[in-house]
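The structure appears right after this line, and notes come after that.
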Amino acid sequence: MTIFMRPSCHLRILELERYKHMTRTLFTTCILSLAFAGMGNAQAPASSPDSGPHYTLAQVKELERNAHAPEQYKALATYYGKQKKDYLQLAAQEKKEWDRMGHNPANTAAKYPRPGDSARNLYELYMSKASDSGTLEARYNRLASPDTLVNAQ
């Protein structure tokens, strides 16, 4: 039993096949371009050479436990100084957001937490962390100075 189709059906089938091929090609091209872009980003340097060493929290805790030399204290002071600077930058961003949200009259009648409340809370958190980092930086700078080590003995 043979089924005959109209010539217009053959054209429609050919169009669908061409559409599927085009879709597959476009999809493959997108996947490959994302893969190549990802490989390019993976090969980029992780950090700039002038930013200094990056410590994990475990490494910092270990260094704090075992620090006895001025160089180790200086490394800790540098780490906490960078932390303080980073927290102050984050706090400045949140302060801008808090100021921006605070001037919106619609926010004054909003229920808690208002949109500006999270920015204020983050600002206060970052300022607290910056203060703590500053205290630790000053402590390790004092310990790194040779005068402190002589007086301690």
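As shown in the structure tokens, the chain order sets the letters A, B, ...; within each chain, residues go from 1, and ligands are also counted from 1 in the order they appear.
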
Next on the checklist: Env of region 82-91 of chain A: 9 Å cut, atoms = only C-alpha atoms, seq-sep filter 2 positions within chain, self excluded. Answer as a list of chain:residue names.
Outcome noted: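 Returned residues: A:Ala77, A:Thr78, A:Tyr79, A:Tyr80, A:Gln93, A:Glu94, A:Lys95, A:Lys96, A:Leu122, A:Tyr123, A:Glu124, A:Leu125, A:Tyr126, A:Met127, A:Ser128, A:Lys129, A:Ala130, A:Ser131, A:Asp132, A:Ser133, A:Gly134, A:Glu137.
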
Next on the checklist: Can you measure CA of Pro53 (chain A) to CA of Ala75 (chain A) for me? One decimal in Å is fine.
Outcome noted: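 Calculated distance between CA of Pro53 (chain A) and CA of Ala75 (chain A) is 9.1 Å.
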
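Straight-line separation from CA of Arg142 (chain A) to CA of Tyr73 (chain A): 8.6 Å.
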
Next on the checklist: Give me, as an MDAnalysis selection string, all polymer residues having an atom no more than 12 Å from Ala69 (chain A), counting only C-alpha atoms and skipping those fewer than 4 positions away in the same chain.
Outcome noted: chainID A and resid 63:65 73:76 140:141 143:146 148:149

Restrict the selected residues to N, CA and C atoms and save them as a tab-separated table (two decimals), in the first residue's frame.
```
chain	number	residue	atom	x	y	z
A	63	LEU	N	47.86	31.55	61.38
A	63	LEU	CA	48.90	32.56	61.51
A	63	LEU	C	48.78	33.31	62.84
A	64	GLU	N	47.55	33.58	63.27
A	64	GLU	CA	47.35	34.25	64.56
A	64	GLU	C	47.84	33.37	65.71
A	65	ARG	N	47.60	32.07	65.62
A	65	ARG	CA	48.03	31.15	66.69
A	65	ARG	C	49.55	31.03	66.75
A	73	TYR	N	53.52	39.22	62.28
A	73	TYR	CA	52.60	40.23	62.79
A	73	TYR	C	52.31	41.29	61.72
A	74	LYS	N	53.32	41.63	60.94
A	74	LYS	CA	53.14	42.61	59.87
A	74	LYS	C	52.18	42.06	58.81
A	75	ALA	N	52.31	40.76	58.50
A	75	ALA	CA	51.41	40.13	57.53
A	75	ALA	C	49.96	40.18	58.04
A	76	LEU	N	49.78	39.91	59.32
A	76	LEU	CA	48.44	39.98	59.92
A	76	LEU	C	47.90	41.41	59.89
A	140	TYR	N	48.23	44.30	65.74
A	140	TYR	CA	49.32	43.59	65.09
A	140	TYR	C	50.42	44.54	64.62
A	141	ASN	N	50.09	45.78	64.32
A	141	ASN	CA	51.13	46.77	64.00
A	141	ASN	C	51.98	47.05	65.24
A	143	LEU	N	52.48	44.93	67.70
A	143	LEU	CA	53.29	43.73	67.93
A	143	LEU	C	54.41	43.59	66.91
A	144	ALA	N	54.22	44.14	65.72
A	144	ALA	CA	55.24	44.03	64.68
A	144	ALA	C	56.40	44.97	64.90
A	145	SER	N	56.20	46.03	65.68
A	145	SER	CA	57.29	46.97	65.91
A	145	SER	C	58.32	46.34	66.84
A	146	PRO	N	59.61	46.53	66.56
A	146	PRO	CA	60.66	45.89	67.36
A	146	PRO	C	60.66	46.37	68.82
A	148	THR	N	58.17	46.86	70.81
A	148	THR	CA	57.21	46.10	71.59
A	148	THR	C	57.80	44.75	71.99
A	149	LEU	N	58.52	44.11	71.04
A	149	LEU	CA	59.08	42.80	71.34
A	149	LEU	C	60.17	42.90	72.40
```

Polymer residues at most 12 Å from Glu62 (chain A), only C-alpha atoms, same-chain spacing of 6 or more positions, as a short mmCIF file (atom, residue, chain, number, x, y, z; two decimals) with N, CA and C atoms, in the first residue's frame:
```cif
data_model
loop_
_atom_site.label_atom_id
_atom_site.label_comp_id
_atom_site.auth_asym_id
_atom_site.auth_seq_id
_atom_site.Cartn_x
_atom_site.Cartn_y
_atom_site.Cartn_z
N TYR A 55 44.67 35.31 51.99
CA TYR A 55 44.60 34.26 52.99
C TYR A 55 43.17 33.79 53.16
N THR A 56 43.03 32.49 53.41
CA THR A 56 41.72 31.97 53.80
C THR A 56 41.55 32.22 55.29
N HIS A 68 54.97 34.75 65.93
CA HIS A 68 55.94 35.13 66.95
C HIS A 68 56.96 36.13 66.41
N GLN A 72 55.50 38.06 60.69
CA GLN A 72 54.19 37.43 60.78
C GLN A 72 53.14 38.42 61.29
N LEU A 76 49.78 39.91 59.32
CA LEU A 76 48.44 39.98 59.92
C LEU A 76 47.90 41.41 59.89
#
```
